[in-house]
Amino acid sequence: MEIKACILQLRLQGEMIIDLVAGVTESTARWKPDQGSWSILEVLNHLVDEEILDFRQHLDHILHKPTQPWPRIDPQGWVKEKGYQQRELAQTLDNFRQARTESLQWLLTLTSPDWQASFELPWGRMTAGDMMASWLAHDLLHARQIIELRYQYTVYESQPFFVDYAGEW
């Protein structure tokens with residue numbers, strides 16, 4: 001795994017995530033298809049916290065602090081605990097841009113990371129390479145989630161009309 005390729009992919013995926021919400025209003029960003037789902041705003045705030053408190057911090061931990069306790073996180077709990085749904089969309093996007101920029105700058109300091117460096121977790125061994133690959137994949141999972149929410153909102157807002165002619169989702 002080449003660090004420069006990872007940095008480029010994270011930069012482009014960050015831009016893609018921001019582009020996916022272009023034109024989304026505050027009310028659309030807060031819309032949920034059901035109570036069990038996240039809104040676009042919640043997804044974006046999750047990405048901000050994951051950027052700062054999960055992937056960057058945990059990759060640094062594996063590479064540079066393997067003897068210290070693993071920093072605990074609560075991504076599901078943070079949604080309500082931190083009031084993601086009550087935040088402003090523009091500020092959230094700014095927070096994501098800033099957090100991603102800081103991550104990219106930090107990653108640039110890793111000239112030759114040891115992707116095999118590892119940390120033993122209750123569920124198994126996590127290597128630095130596993131963490132980096134997961135970070136890259138995490139963006140894509142949430143980009144897909146944002147697209148799904150935008151599709152569901154289009155279906156909802158188009159009622160009583162149908163989107164069947166567009167093709168099968």
# chains A, B, ... in the order shown; residues from 1 in each chain; ligands from 1
$ residues_around --residues "Arg150 in chain A" --least-positions-apart "5" --cutoff "10 Å" --atoms "only C-alpha atoms" --output "NGL selection string"
:A and (20-21 or 24 or 28-29 or 31 or 39-40 or 144-145 or 155-156)
$ select_by_dssp --residues "range 23-154 of chain A" --states "helix (DSSP H, G or I)" --output "number ranges by chain"
A: 26-30, 40-64, 75-81, 84-86, 89-108, 128-154
$ write_last_selection --atoms "C-alpha atoms" --output "PDB file, in the first residue's frame"
ATOM      1  CA  GLU A  26     -30.932  22.277   5.875  1.00  0.00           C
ATOM      2  CA  SER A  27     -34.335  20.570   5.944  1.00  0.00           C
ATOM      3  CA  THR A  28     -33.271  17.937   3.415  1.00  0.00           C
ATOM      4  CA  ALA A  29     -30.048  17.345   5.373  1.00  0.00           C
ATOM      5  CA  ARG A  30     -32.158  16.640   8.493  1.00  0.00           C
ATOM      6  CA  ILE A  40     -27.411  13.259   5.797  1.00  0.00           C
ATOM      7  CA  LEU A  41     -26.472  15.712   8.567  1.00  0.00           C
ATOM      8  CA  GLU A  42     -25.895  12.867  11.015  1.00  0.00           C
ATOM      9  CA  VAL A  43     -23.775  10.990   8.454  1.00  0.00           C
ATOM     10  CA  LEU A  44     -21.630  14.074   7.856  1.00  0.00           C
ATOM     11  CA  ASN A  45     -21.119  14.733  11.568  1.00  0.00           C
ATOM     12  CA  HIS A  46     -20.248  11.073  12.038  1.00  0.00           C
ATOM     13  CA  LEU A  47     -17.599  11.475   9.335  1.00  0.00           C
ATOM     14  CA  VAL A  48     -16.134  14.491  11.157  1.00  0.00           C
ATOM     15  CA  ASP A  49     -15.807  12.612  14.450  1.00  0.00           C
ATOM     16  CA  GLU A  50     -14.523   9.467  12.766  1.00  0.00           C
ATOM     17  CA  GLU A  51     -11.883  11.538  10.990  1.00  0.00           C
ATOM     18  CA  ILE A  52     -10.596  13.049  14.229  1.00  0.00           C
ATOM     19  CA  LEU A  53     -11.381  10.511  16.944  1.00  0.00           C
ATOM     20  CA  ASP A  54     -11.207   7.202  15.128  1.00  0.00           C
ATOM     21  CA  PHE A  55      -9.156   6.654  11.987  1.00  0.00           C
ATOM     22  CA  ARG A  56      -6.421   9.285  12.360  1.00  0.00           C
ATOM     23  CA  GLN A  57      -6.093   8.682  16.101  1.00  0.00           C
ATOM     24  CA  HIS A  58      -6.147   4.888  15.848  1.00  0.00           C
ATOM     25  CA  LEU A  59      -3.700   4.735  12.940  1.00  0.00           C
ATOM     26  CA  ASP A  60      -1.341   6.982  14.904  1.00  0.00           C
ATOM     27  CA  HIS A  61      -1.850   4.734  17.932  1.00  0.00           C
ATOM     28  CA  ILE A  62      -0.914   1.573  16.028  1.00  0.00           C
ATOM     29  CA  LEU A  63       2.131   3.207  14.450  1.00  0.00           C
ATOM     30  CA  HIS A  64       3.457   5.235  17.376  1.00  0.00           C
ATOM     31  CA  PRO A  75     -19.833   6.298  17.029  1.00  0.00           C
ATOM     32  CA  GLN A  76     -23.435   5.146  17.507  1.00  0.00           C
ATOM     33  CA  GLY A  77     -23.804   6.923  20.839  1.00  0.00           C
ATOM     34  CA  TRP A  78     -22.266  10.167  19.577  1.00  0.00           C
ATOM     35  CA  VAL A  79     -25.165  10.734  17.177  1.00  0.00           C
ATOM     36  CA  LYS A  80     -27.522  11.605  20.037  1.00  0.00           C
ATOM     37  CA  GLU A  81     -24.948  12.460  22.716  1.00  0.00           C
ATOM     38  CA  TYR A  84     -25.558  15.743  15.328  1.00  0.00           C
ATOM     39  CA  GLN A  85     -29.104  16.431  14.108  1.00  0.00           C
ATOM     40  CA  GLN A  86     -29.139  19.878  15.729  1.00  0.00           C
ATOM     41  CA  LEU A  89     -25.031  21.880   7.625  1.00  0.00           C
ATOM     42  CA  ALA A  90     -22.601  24.592   6.467  1.00  0.00           C
ATOM     43  CA  GLN A  91     -20.602  24.403   9.704  1.00  0.00           C
ATOM     44  CA  THR A  92     -20.554  20.610   9.528  1.00  0.00           C
ATOM     45  CA  LEU A  93     -19.176  20.733   5.980  1.00  0.00           C
ATOM     46  CA  ASP A  94     -16.517  23.231   7.106  1.00  0.00           C
ATOM     47  CA  ASN A  95     -15.655  20.932  10.020  1.00  0.00           C
ATOM     48  CA  PHE A  96     -15.310  17.967   7.664  1.00  0.00           C
ATOM     49  CA  ARG A  97     -13.104  19.926   5.241  1.00  0.00           C
ATOM     50  CA  GLN A  98     -10.880  21.081   8.108  1.00  0.00           C
ATOM     51  CA  ALA A  99     -10.631  17.624   9.685  1.00  0.00           C
ATOM     52  CA  ARG A 100      -9.821  16.004   6.339  1.00  0.00           C
ATOM     53  CA  THR A 101      -7.188  18.657   5.591  1.00  0.00           C
ATOM     54  CA  GLU A 102      -5.568  18.012   8.980  1.00  0.00           C
ATOM     55  CA  SER A 103      -5.625  14.261   8.321  1.00  0.00           C
ATOM     56  CA  LEU A 104      -4.006  14.675   4.919  1.00  0.00           C
ATOM     57  CA  GLN A 105      -1.315  16.938   6.391  1.00  0.00           C
ATOM     58  CA  TRP A 106      -0.660  14.392   9.139  1.00  0.00           C
ATOM     59  CA  LEU A 107      -0.514  11.519   6.633  1.00  0.00           C
ATOM     60  CA  LEU A 108       2.085  13.451   4.622  1.00  0.00           C
ATOM     61  CA  ALA A 128      -1.795  -0.202  10.435  1.00  0.00           C
ATOM     62  CA  GLY A 129      -2.578  -1.429   6.910  1.00  0.00           C
ATOM     63  CA  ASP A 130      -5.960  -2.744   8.081  1.00  0.00           C
ATOM     64  CA  MET A 131      -6.719   0.640   9.644  1.00  0.00           C
ATOM     65  CA  MET A 132      -5.706   2.580   6.529  1.00  0.00           C
ATOM     66  CA  ALA A 133      -7.702   0.283   4.239  1.00  0.00           C
ATOM     67  CA  SER A 134     -10.701   0.596   6.561  1.00  0.00           C
ATOM     68  CA  TRP A 135     -10.429   4.393   6.520  1.00  0.00           C
ATOM     69  CA  LEU A 136     -10.525   4.385   2.722  1.00  0.00           C
ATOM     70  CA  ALA A 137     -13.484   1.988   2.666  1.00  0.00           C
ATOM     71  CA  HIS A 138     -15.348   3.902   5.398  1.00  0.00           C
ATOM     72  CA  ASP A 139     -15.598   6.989   3.190  1.00  0.00           C
ATOM     73  CA  LEU A 140     -17.096   4.907   0.401  1.00  0.00           C
ATOM     74  CA  LEU A 141     -19.637   3.239   2.684  1.00  0.00           C
ATOM     75  CA  HIS A 142     -20.903   6.630   3.813  1.00  0.00           C
ATOM     76  CA  ALA A 143     -20.822   8.100   0.304  1.00  0.00           C
ATOM     77  CA  ARG A 144     -23.126   5.221  -0.655  1.00  0.00           C
ATOM     78  CA  GLN A 145     -25.304   6.019   2.371  1.00  0.00           C
ATOM     79  CA  ILE A 146     -25.595   9.685   1.333  1.00  0.00           C
ATOM     80  CA  ILE A 147     -26.558   8.650  -2.200  1.00  0.00           C
ATOM     81  CA  GLU A 148     -29.160   6.254  -0.780  1.00  0.00           C
ATOM     82  CA  LEU A 149     -30.609   9.038   1.395  1.00  0.00           C
ATOM     83  CA  ARG A 150     -30.742  11.426  -1.553  1.00  0.00           C
ATOM     84  CA  TYR A 151     -32.514   8.757  -3.626  1.00  0.00           C
ATOM     85  CA  GLN A 152     -35.018   8.027  -0.846  1.00  0.00           C
ATOM     86  CA  TYR A 153     -35.671  11.748  -0.402  1.00  0.00           C
ATOM     87  CA  THR A 154     -36.300  12.117  -4.151  1.00  0.00           C
TER      88      THR A 154
END
$ closest_residue --among "A:Ala117, A:Pro122, A:Glu157, A:Arg87" --to "Pro33 in chain A" --atoms "only C-alpha atoms"
A:Glu157
$ select_by_dssp --residues "range 37-140 of chain A" --states "strand (DSSP E)" --output "list in words"
Ser118, Phe119, Glu120, Leu121, Gly124, Arg125, Met126 and Thr127 of chain A
$ write_last_selection --atoms "N, CA and C atoms" --output "CSV table (one decimal), in the first residue's frame"
chain,number,residue,atom,x,y,z
A,118,SER,N,1.1,-3.5,14.4
A,118,SER,CA,-0.2,-4.0,14.8
A,118,SER,C,-0.5,-3.7,16.3
A,119,PHE,N,-1.8,-3.8,16.6
A,119,PHE,CA,-2.3,-3.7,18.0
A,119,PHE,C,-3.3,-4.8,18.2
A,120,GLU,N,-3.2,-5.4,19.4
A,120,GLU,CA,-4.1,-6.6,19.7
A,120,GLU,C,-5.3,-6.0,20.4
A,121,LEU,N,-6.5,-6.3,19.7
A,121,LEU,CA,-7.8,-5.8,20.2
A,121,LEU,C,-8.6,-7.0,20.7
A,124,GLY,N,-9.3,-9.2,17.8
A,124,GLY,CA,-8.2,-9.7,17.0
A,124,GLY,C,-7.2,-8.6,16.8
A,125,ARG,N,-6.2,-9.0,16.0
A,125,ARG,CA,-5.1,-8.1,15.7
A,125,ARG,C,-5.5,-7.1,14.6
A,126,MET,N,-5.1,-5.9,14.8
A,126,MET,CA,-5.4,-4.8,13.8
A,126,MET,C,-4.0,-4.3,13.4
A,127,THR,N,-3.8,-4.3,12.1
A,127,THR,CA,-2.5,-3.7,11.6
A,127,THR,C,-2.8,-2.3,11.1
